[in-house]
Each structure stands twice: as C-alpha cells, then as structure tokens.
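Take a look at the structure below.
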Amino acid sequence: MPEATGITDATDESPAEARVAAARGSRNDHTRRHNLSALLTAVHYGGPLTRAQLTRDTGLNRSTIGGLVTELAELGLVIEDAAAETGAVGRPSLIVRPRRDVVALALHPDVDALELGAVAIDGTVLARRRASVSAPPTPADAVAFAWEAAREVAAELDGPRIAGLGAAVPGLVSVDGEVVVDAPHLGWREVSFREQLAEALELPVTVGNDANMGLRAEWSFGAARGIDTVVYLNGSASGIGGAALVGGRMLRGGRGYGGEFGHMMIRSNGERCSCGRRGCLETEVNAPRLDAAAHDDAALDGYAETLALAIANLECAFDPDAVLLAGYLGGLFDVRRELVQQRVRALAFRPDAEDVAIARAALGGNRLLIGAAERAFAPLLQDPAGTPLTVAA
Ligand SMILES: [Zn+2]
C-alpha cells in the first residue's frame, strides 16, 4: 500500500498514481481517511457508482463501503439514492454520486480574455464568466476579475461549497506553484500569483501551467482517460502549449521548463520566435498562418507535414501511447487527418508507429477550467474528512 506522502505527490502531479492508489482501499481501521479518499476518488472519476461497483473498484468489503459512504454523505460530499431499474432480479442497487454543490473555481488568464468557471466535483462546468480584453491582462487585472467573477458565480449557484481555486497560466510556473516565472505572451515575469489570488479570494489557490492542466483534464474526463503515457499539443492565442504524461507522471523537468514543445526548433532557417530563437514549432504553425491558409490546400499540406515532423520527434522522446491535439492543432488535424497519420508513420523511429493513437482532444472550451479545477480538488480527494470547504456567502 502506498504511503500517504506518495499520494500527496501523486495528487499534485501524478494523477495516474493517485487514481490507482486511491482505487485500492485499505482494510486497516486507522487508514479510514485513506479509504474515504479511495471512495471519493472513485466516484469523482467514475461516478455515479453502485456500492457493488465501489466494492469492486476499491477492493474494500461491503460493510466497510457502507460506513464510508455514510461518512462521506455526512460530510456533504456524496448523496446516495436508488438507481433506475437495471433489469436484474432483486432489490434495486443504491447509487453513490458526488454532490454537485461541491465545486472548485477555475481561472484562466490569457492574452485575449479572462475566464473563470465553477466546476462541480463530477467534472461538470456549472457556471462561467468571460471578459474579453483588448490588451493582455496584468496580474492585478486577473485578480480583480477573479474576485468579481467568483462572487457572481457563487450567487448564480446559490451558495456552493468551494474546495479552492485553480489557475491555469500560459507560461512557466515554478515547481512549487508559487511563482509565474515567465508568461511571455502575458508579459508576466516573477509574479507571486498564487499568493495574490489567495489573499484576494480567501481560498486555497493552486497555480499551474495551462497545458499541464489541459492534459490533466483530458486524462481525467476526456480523450486520454486511462492512458498513462500521453503527449499533448495545444494551439491557442498564446502559441503552442505542450505537456507530457509519462508513466502517469506529469513531466515538469528540473525547474519547471519541461514540456515546452511549442519551442521545439523545427526549421533552422525559420522565422524569429517570441523566445528569440528561429523556427520554433509555434512560429511555423500558428493561428494567423492557418487562417490565411484556410483555402490553400498546398499550404495546409505543408503545415500538416510540419505538425507530423513535430509529432515524430516527440514519439522518439516519449514513446507515447497517444498524442492529443487541441485548439487550432486539433482543427488542422481534422482537415488533414490522413496526411498527418501517414507522415507520422513514415517518419517514425519506432517500428510499430501505427499503434500510436493520434486524436483530437475531447473537452473543447471546458478543458482548462476542468483541469484547473482538478488541481483545486486534489487536497479534498486526498483527505475528504480533513479538508474544509468554504461556504460562499
Ligand atoms: Zn520559440
């Protein structure tokens, strides 16, 4: 059985380990908190579930499950009600579902807009506020927007209980989550964003890189469910964000700079990138170029070739089971699917390259909100009885 400290690490950056660790309960009484975590985690990812399914998923016996469900219900985290008829003979099974008034707030500051959402513990986006901006927002702009939008969504939801706020930032975030080291498109450097948000909103706050949170969302509820080695590329107004989940662990690198696949150099004589170098993937394939090429087949073929080259390089590095494409890269893949797959196969180093699933990410405009909320829910999932929720006035 994993130690509790291992699970702490796992819930922060290794969702797969958290799911596996939590899915196996412990039969030992003094690990009750661990078992509560196992149960809440199971309904979070897989709910609603019957007690029989919970018994199977957690390895705990039925009477233990009964006591834990009662305790989670008393904590206001789950409800249990009768399932619809399943056709089986016998009593209808009771179904355990996460309560939707338990939410996390999720904030996404980007170059063209600020967005905040309230995400229920079952991964549903319940409410959101978005403000378009004509210039990249400052950290103070983002904090002021978050404060106002949080009040509005709390009122709309009639007083939810809030686990915390997660912020998905398009830039480098220090490994401890305290400092936005460099968000070049926003123009933020060395910003203590977590502390500023926590002081203004009086909530627990976690800050992370937007691409890592996007991949985390897809792993939890989207196109990468249950796949533990995944490479993710997202094309947005802030360029190309990348992330890699390797054996269930999110790649960060030694200083948090890992996964910057948008700055993978792909053409030595290419154009100058915002990072100062030449021919980075995000300068070679970006939204303005794709818009301009919308009716130019040859140009689109060229961009698809460049994307395939990038994917082939990433396959050499990570040997992934799946490559997820999001944002404008998902759009490019949709119109050049055959070409991208064929070129990746032709360029692949590994012999069984057809086994790599290249897919479009599934969660669309909800992805970053869900991913940021996942980070905010992590402490509650890890210790349901010991993590206080904030009741919104
Ligand atoms: Zn670059």
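Residues in the structure tokens are numbered from 1 in each chain, the chains being A, B, ... in the order shown, and ligands are numbered from 1 in the order shown.
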Output the neighbourhood of ligand 1 as a ChimeraX atom specification, that is, all protein and nucleic acid residues with some atom at most 8 Å from the ligand, counting only C-alpha atoms and all ligand atoms.
/A:262-265,272-283
For the selection just defined, write its residues with N, CA, C and O atoms to a file, as a PDB file, in the first residue's frame.
ATOM      1  N   GLY A 262       6.137  23.804 -27.897  1.00  0.00           N
ATOM      2  CA  GLY A 262       5.913  24.870 -28.881  1.00  0.00           C
ATOM      3  C   GLY A 262       7.217  25.520 -29.313  1.00  0.00           C
ATOM      4  O   GLY A 262       7.301  26.110 -30.387  1.00  0.00           O
ATOM      5  N   HIS A 263       8.263  25.393 -28.471  1.00  0.00           N
ATOM      6  CA  HIS A 263       9.559  25.984 -28.799  1.00  0.00           C
ATOM      7  C   HIS A 263      10.564  24.924 -29.243  1.00  0.00           C
ATOM      8  O   HIS A 263      11.769  25.174 -29.249  1.00  0.00           O
ATOM      9  N   MET A 264      10.043  23.754 -29.590  1.00  0.00           N
ATOM     10  CA  MET A 264      10.885  22.745 -30.239  1.00  0.00           C
ATOM     11  C   MET A 264      11.274  23.323 -31.600  1.00  0.00           C
ATOM     12  O   MET A 264      10.413  23.725 -32.387  1.00  0.00           O
ATOM     13  N   MET A 265      12.585  23.392 -31.879  1.00  0.00           N
ATOM     14  CA  MET A 265      13.019  24.016 -33.135  1.00  0.00           C
ATOM     15  C   MET A 265      12.868  23.015 -34.276  1.00  0.00           C
ATOM     16  O   MET A 265      13.357  21.896 -34.225  1.00  0.00           O
ATOM     17  N   ARG A 272      11.833  34.294 -36.804  1.00  0.00           N
ATOM     18  CA  ARG A 272      12.188  34.571 -35.414  1.00  0.00           C
ATOM     19  C   ARG A 272      10.970  34.320 -34.519  1.00  0.00           C
ATOM     20  O   ARG A 272       9.863  34.746 -34.824  1.00  0.00           O
ATOM     21  N   CYS A 273      11.190  33.618 -33.415  1.00  0.00           N
ATOM     22  CA  CYS A 273      10.118  33.298 -32.464  1.00  0.00           C
ATOM     23  C   CYS A 273      10.110  34.342 -31.349  1.00  0.00           C
ATOM     24  O   CYS A 273      11.088  35.053 -31.135  1.00  0.00           O
ATOM     25  N   SER A 274       9.012  34.412 -30.609  1.00  0.00           N
ATOM     26  CA  SER A 274       8.937  35.325 -29.460  1.00  0.00           C
ATOM     27  C   SER A 274      10.013  35.016 -28.426  1.00  0.00           C
ATOM     28  O   SER A 274      10.386  35.878 -27.635  1.00  0.00           O
ATOM     29  N   CYS A 275      10.515  33.774 -28.439  1.00  0.00           N
ATOM     30  CA  CYS A 275      11.554  33.387 -27.477  1.00  0.00           C
ATOM     31  C   CYS A 275      12.942  33.849 -27.919  1.00  0.00           C
ATOM     32  O   CYS A 275      13.903  33.679 -27.183  1.00  0.00           O
ATOM     33  N   GLY A 276      13.030  34.407 -29.136  1.00  0.00           N
ATOM     34  CA  GLY A 276      14.310  34.934 -29.604  1.00  0.00           C
ATOM     35  C   GLY A 276      15.053  33.992 -30.539  1.00  0.00           C
ATOM     36  O   GLY A 276      16.034  34.400 -31.167  1.00  0.00           O
ATOM     37  N   ARG A 277      14.605  32.747 -30.620  1.00  0.00           N
ATOM     38  CA  ARG A 277      15.289  31.803 -31.495  1.00  0.00           C
ATOM     39  C   ARG A 277      14.526  31.722 -32.829  1.00  0.00           C
ATOM     40  O   ARG A 277      13.566  32.449 -33.056  1.00  0.00           O
ATOM     41  N   ARG A 278      14.972  30.840 -33.698  1.00  0.00           N
ATOM     42  CA  ARG A 278      14.334  30.747 -35.011  1.00  0.00           C
ATOM     43  C   ARG A 278      13.693  29.388 -35.229  1.00  0.00           C
ATOM     44  O   ARG A 278      14.228  28.362 -34.828  1.00  0.00           O
ATOM     45  N   GLY A 279      12.556  29.406 -35.933  1.00  0.00           N
ATOM     46  CA  GLY A 279      11.973  28.174 -36.446  1.00  0.00           C
ATOM     47  C   GLY A 279      11.329  27.285 -35.403  1.00  0.00           C
ATOM     48  O   GLY A 279      11.223  26.072 -35.588  1.00  0.00           O
ATOM     49  N   CYS A 280      10.859  27.882 -34.286  1.00  0.00           N
ATOM     50  CA  CYS A 280      10.140  27.081 -33.289  1.00  0.00           C
ATOM     51  C   CYS A 280       8.808  26.603 -33.888  1.00  0.00           C
ATOM     52  O   CYS A 280       8.226  27.258 -34.756  1.00  0.00           O
ATOM     53  N   LEU A 281       8.316  25.486 -33.382  1.00  0.00           N
ATOM     54  CA  LEU A 281       7.055  24.928 -33.884  1.00  0.00           C
ATOM     55  C   LEU A 281       5.944  25.979 -33.889  1.00  0.00           C
ATOM     56  O   LEU A 281       5.175  26.074 -34.844  1.00  0.00           O
ATOM     57  N   GLU A 282       5.858  26.808 -32.836  1.00  0.00           N
ATOM     58  CA  GLU A 282       4.727  27.743 -32.770  1.00  0.00           C
ATOM     59  C   GLU A 282       4.872  28.933 -33.702  1.00  0.00           C
ATOM     60  O   GLU A 282       3.888  29.624 -33.953  1.00  0.00           O
ATOM     61  N   THR A 283       6.068  29.185 -34.219  1.00  0.00           N
ATOM     62  CA  THR A 283       6.162  30.217 -35.257  1.00  0.00           C
ATOM     63  C   THR A 283       5.926  29.618 -36.641  1.00  0.00           C
ATOM     64  O   THR A 283       5.499  30.306 -37.547  1.00  0.00           O
TER      65      THR A 283
END
So that I can check the surroundings of range 383-387 of chain A, please list as a ChimeraX atom specification every protein, DNA and RNA residue that reaches within 12 Å of it, counting only C-alpha atoms and ignoring chain neighbours fewer than 6 positions away.
/A:4-5,7-8,11,22,31-41,44,68-69,71-78,102,161-164,204,376-377
Generate a file of the selected residues that holds N, CA and C atoms, formatted as a short mmCIF file (atom, residue, chain, number, x, y, z; two decimals), in the first residue's frame.
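Saved file again28.cif follows:
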data_model
loop_
_atom_site.label_atom_id
_atom_site.label_comp_id
_atom_site.auth_asym_id
_atom_site.auth_seq_id
_atom_site.Cartn_x
_atom_site.Cartn_y
_atom_site.Cartn_z
N ALA A 4 1.15 7.65 2.58
CA ALA A 4 0.35 8.86 2.36
C ALA A 4 1.15 9.94 1.64
N THR A 5 2.46 10.02 1.94
CA THR A 5 3.26 11.08 1.32
C THR A 5 3.35 10.85 -0.19
N ILE A 7 1.05 9.67 -2.00
CA ILE A 7 -0.21 10.10 -2.59
C ILE A 7 -0.26 11.62 -2.69
N THR A 8 0.36 12.31 -1.73
CA THR A 8 0.41 13.77 -1.82
C THR A 8 1.07 14.19 -3.12
N THR A 11 -1.26 13.29 -6.15
CA THR A 11 -2.42 14.11 -6.47
C THR A 11 -2.00 15.42 -7.10
N ALA A 22 -5.69 5.31 -4.92
CA ALA A 22 -6.95 5.52 -4.24
C ALA A 22 -7.95 4.42 -4.58
N THR A 31 -6.54 3.51 8.72
CA THR A 31 -6.39 4.17 7.42
C THR A 31 -7.76 4.58 6.87
N ARG A 32 -8.67 4.88 7.80
CA ARG A 32 -10.01 5.30 7.40
C ARG A 32 -9.96 6.49 6.43
N ARG A 33 -9.09 7.44 6.70
CA ARG A 33 -9.00 8.61 5.83
C ARG A 33 -8.56 8.21 4.42
N HIS A 34 -7.67 7.26 4.41
CA HIS A 34 -7.22 6.77 3.10
C HIS A 34 -8.39 6.13 2.35
N ASN A 35 -9.20 5.38 3.08
CA ASN A 35 -10.34 4.73 2.42
C ASN A 35 -11.40 5.72 1.98
N LEU A 36 -11.61 6.77 2.80
CA LEU A 36 -12.53 7.82 2.37
C LEU A 36 -12.03 8.44 1.07
N SER A 37 -10.72 8.64 1.00
CA SER A 37 -10.11 9.18 -0.22
C SER A 37 -10.34 8.23 -1.40
N ALA A 38 -10.15 6.94 -1.15
CA ALA A 38 -10.33 5.96 -2.22
C ALA A 38 -11.74 6.00 -2.77
N LEU A 39 -12.71 6.11 -1.86
CA LEU A 39 -14.11 6.10 -2.28
C LEU A 39 -14.49 7.37 -3.03
N LEU A 40 -14.10 8.53 -2.45
CA LEU A 40 -14.47 9.78 -3.10
C LEU A 40 -13.77 9.89 -4.47
N THR A 41 -12.52 9.42 -4.54
CA THR A 41 -11.79 9.45 -5.81
C THR A 41 -12.49 8.57 -6.84
N HIS A 44 -15.54 10.34 -8.00
CA HIS A 44 -15.11 11.54 -8.74
C HIS A 44 -14.81 11.17 -10.21
N LEU A 68 -18.25 4.02 5.02
CA LEU A 68 -17.55 5.13 4.37
C LEU A 68 -18.53 6.02 3.59
N VAL A 69 -19.49 5.38 2.92
CA VAL A 69 -20.48 6.16 2.16
C VAL A 69 -21.28 7.03 3.12
N GLU A 71 -20.30 8.20 5.95
CA GLU A 71 -19.46 9.31 6.43
C GLU A 71 -19.30 10.39 5.35
N LEU A 72 -19.10 9.96 4.10
CA LEU A 72 -18.97 10.94 3.01
C LEU A 72 -20.28 11.71 2.83
N ALA A 73 -21.40 11.04 3.04
CA ALA A 73 -22.70 11.72 2.93
C ALA A 73 -22.85 12.74 4.05
N GLU A 74 -22.41 12.36 5.28
CA GLU A 74 -22.49 13.30 6.41
C GLU A 74 -21.58 14.51 6.20
N LEU A 75 -20.48 14.29 5.49
CA LEU A 75 -19.58 15.40 5.16
C LEU A 75 -20.15 16.26 4.04
N GLY A 76 -21.26 15.82 3.46
CA GLY A 76 -21.89 16.59 2.40
C GLY A 76 -21.19 16.46 1.06
N LEU A 77 -20.46 15.37 0.87
CA LEU A 77 -19.68 15.21 -0.37
C LEU A 77 -20.36 14.31 -1.40
N VAL A 78 -21.17 13.35 -0.92
CA VAL A 78 -21.87 12.45 -1.84
C VAL A 78 -23.33 12.34 -1.40
N VAL A 102 -20.67 20.86 -4.41
CA VAL A 102 -19.24 20.93 -4.05
C VAL A 102 -18.49 21.28 -5.32
N ARG A 161 -20.35 25.13 -1.98
CA ARG A 161 -19.21 24.92 -1.07
C ARG A 161 -17.97 24.73 -1.94
N ILE A 162 -16.96 25.55 -1.68
CA ILE A 162 -15.84 25.69 -2.61
C ILE A 162 -14.58 25.04 -2.03
N ALA A 163 -14.00 24.12 -2.82
CA ALA A 163 -12.78 23.44 -2.39
C ALA A 163 -11.55 24.33 -2.54
N GLY A 164 -11.59 25.23 -3.50
CA GLY A 164 -10.45 26.11 -3.74
C GLY A 164 -10.49 26.62 -5.16
N PRO A 204 -8.07 28.51 -0.71
CA PRO A 204 -6.84 27.82 -1.11
C PRO A 204 -6.68 27.96 -2.63
N ALA A 376 -7.44 21.97 -7.99
CA ALA A 376 -8.02 22.53 -6.76
C ALA A 376 -8.73 21.46 -5.93
N PHE A 377 -9.26 20.44 -6.59
CA PHE A 377 -9.94 19.36 -5.87
C PHE A 377 -8.95 18.38 -5.22
#
Enumerate, as an NGL selection string, the complete set of residues in range 12-221 of chain A that a backbone-based DSSP assignment places in strand (DSSP E).
:A and (49-50 or 78-82 or 94-98 or 102-109 or 113-120 or 125-132 or 161-169 or 172-173 or 180-183 or 188-191 or 205-209)
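One finds CA of Glu80 in chain A at 13.1 Å from CA of Ala52 in chain A.
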Excluding Ala322 in chain A and any residue of its chain fewer than 6 positions from it, enumerate the residues within 9 Å of it, using only C-alpha atoms, and give them as a ChimeraX atom specification.
/A:224,227-232,355-359
Give me the residues within 10 Å of Gly256 in chain A as a list of chain:residue names, counting only C-alpha atoms and dropping any in the same chain fewer than 5 places off.
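Result of the neighbour search: A:Leu172, A:Val173, A:Ser174, A:Val175, A:Asp176, A:Gly177, A:Val181, A:Gly208, A:Asn209, A:Leu251.
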Env of Leu157 in chain A: 9 Å cut, atoms = only C-alpha atoms, seq-sep filter 6 positions within chain, self excluded. Answer as a PyMOL selection string.
chain A and resi 101+118+126-127
Go ahead and save the picked residues with all heavy atoms, as a PDB file, in the first residue's frame.
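Saved to selection09.pdb:
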ATOM      1  N   ASP A 101     -23.081  20.504  -5.489  1.00  0.00           N
ATOM      2  CA  ASP A 101     -22.873  21.819  -4.863  1.00  0.00           C
ATOM      3  C   ASP A 101     -21.468  21.931  -4.268  1.00  0.00           C
ATOM      4  O   ASP A 101     -21.104  22.953  -3.701  1.00  0.00           O
ATOM      5  CB  ASP A 101     -23.947  22.110  -3.810  1.00  0.00           C
ATOM      6  CG  ASP A 101     -23.974  21.068  -2.700  1.00  0.00           C
ATOM      7  OD1 ASP A 101     -23.497  19.930  -2.929  1.00  0.00           O
ATOM      8  OD2 ASP A 101     -24.473  21.379  -1.608  1.00  0.00           O
ATOM      9  N   ALA A 118     -16.994  27.717 -12.441  1.00  0.00           N
ATOM     10  CA  ALA A 118     -17.225  26.879 -11.266  1.00  0.00           C
ATOM     11  C   ALA A 118     -17.475  25.469 -11.777  1.00  0.00           C
ATOM     12  O   ALA A 118     -18.361  25.248 -12.602  1.00  0.00           O
ATOM     13  CB  ALA A 118     -18.422  27.381 -10.469  1.00  0.00           C
ATOM     14  N   LEU A 126     -20.417  24.232 -14.190  1.00  0.00           N
ATOM     15  CA  LEU A 126     -21.768  24.671 -13.808  1.00  0.00           C
ATOM     16  C   LEU A 126     -22.046  26.115 -14.189  1.00  0.00           C
ATOM     17  O   LEU A 126     -23.190  26.481 -14.470  1.00  0.00           O
ATOM     18  CB  LEU A 126     -21.962  24.517 -12.299  1.00  0.00           C
ATOM     19  CG  LEU A 126     -21.844  23.113 -11.712  1.00  0.00           C
ATOM     20  CD1 LEU A 126     -21.959  23.172 -10.198  1.00  0.00           C
ATOM     21  CD2 LEU A 126     -22.914  22.195 -12.293  1.00  0.00           C
ATOM     22  N   ALA A 127     -21.026  26.944 -14.132  1.00  0.00           N
ATOM     23  CA  ALA A 127     -21.215  28.378 -14.402  1.00  0.00           C
ATOM     24  C   ALA A 127     -19.883  28.951 -14.844  1.00  0.00           C
ATOM     25  O   ALA A 127     -18.828  28.438 -14.468  1.00  0.00           O
ATOM     26  CB  ALA A 127     -21.713  29.091 -13.148  1.00  0.00           C
TER      27      ALA A 127
END
In terms of the shortest atom-to-atom distance over only C-alpha atoms, which of A:Ala144, A:Ala294, A:Ala217, A:Val96 is closest to Val119 in chain A?
A:Ala217
Residues of range 10-255 of chain A in alpha helix (DSSP H), written as a ChimeraX atom specification
/A:10-13,15-23,32-46,51-58,62-74,139-156,193-201,210-221
Show me, as a PDB file with N, CA and C atoms, in the first residue's frame, the residues that have an atom within 10 Å of Asp158 in chain A when counting only C-alpha atoms, minus same-chain residues fewer than 5 positions from it.
ATOM      1  N   ASP A 101     -23.081  20.504  -5.489  1.00  0.00           N
ATOM      2  CA  ASP A 101     -22.873  21.819  -4.863  1.00  0.00           C
ATOM      3  C   ASP A 101     -21.468  21.931  -4.268  1.00  0.00           C
ATOM      4  N   GLU A 152     -19.989  36.447  -8.528  1.00  0.00           N
ATOM      5  CA  GLU A 152     -21.137  36.279  -9.418  1.00  0.00           C
ATOM      6  C   GLU A 152     -21.534  34.806  -9.568  1.00  0.00           C
ATOM      7  N   VAL A 153     -20.549  33.929  -9.778  1.00  0.00           N
ATOM      8  CA  VAL A 153     -20.919  32.515  -9.969  1.00  0.00           C
ATOM      9  C   VAL A 153     -21.415  31.910  -8.656  1.00  0.00           C
ATOM     10  N   ALA A 392     -19.691  29.693   0.258  1.00  0.00           N
ATOM     11  CA  ALA A 392     -19.791  31.019  -0.351  1.00  0.00           C
ATOM     12  C   ALA A 392     -20.993  31.750   0.209  1.00  0.00           C
ATOM     13  N   ALA A 393     -20.781  32.974   0.650  1.00  0.00           N
ATOM     14  CA  ALA A 393     -21.893  33.751   1.236  1.00  0.00           C
ATOM     15  C   ALA A 393     -22.893  34.148   0.144  1.00  0.00           C
TER      16      ALA A 393
END
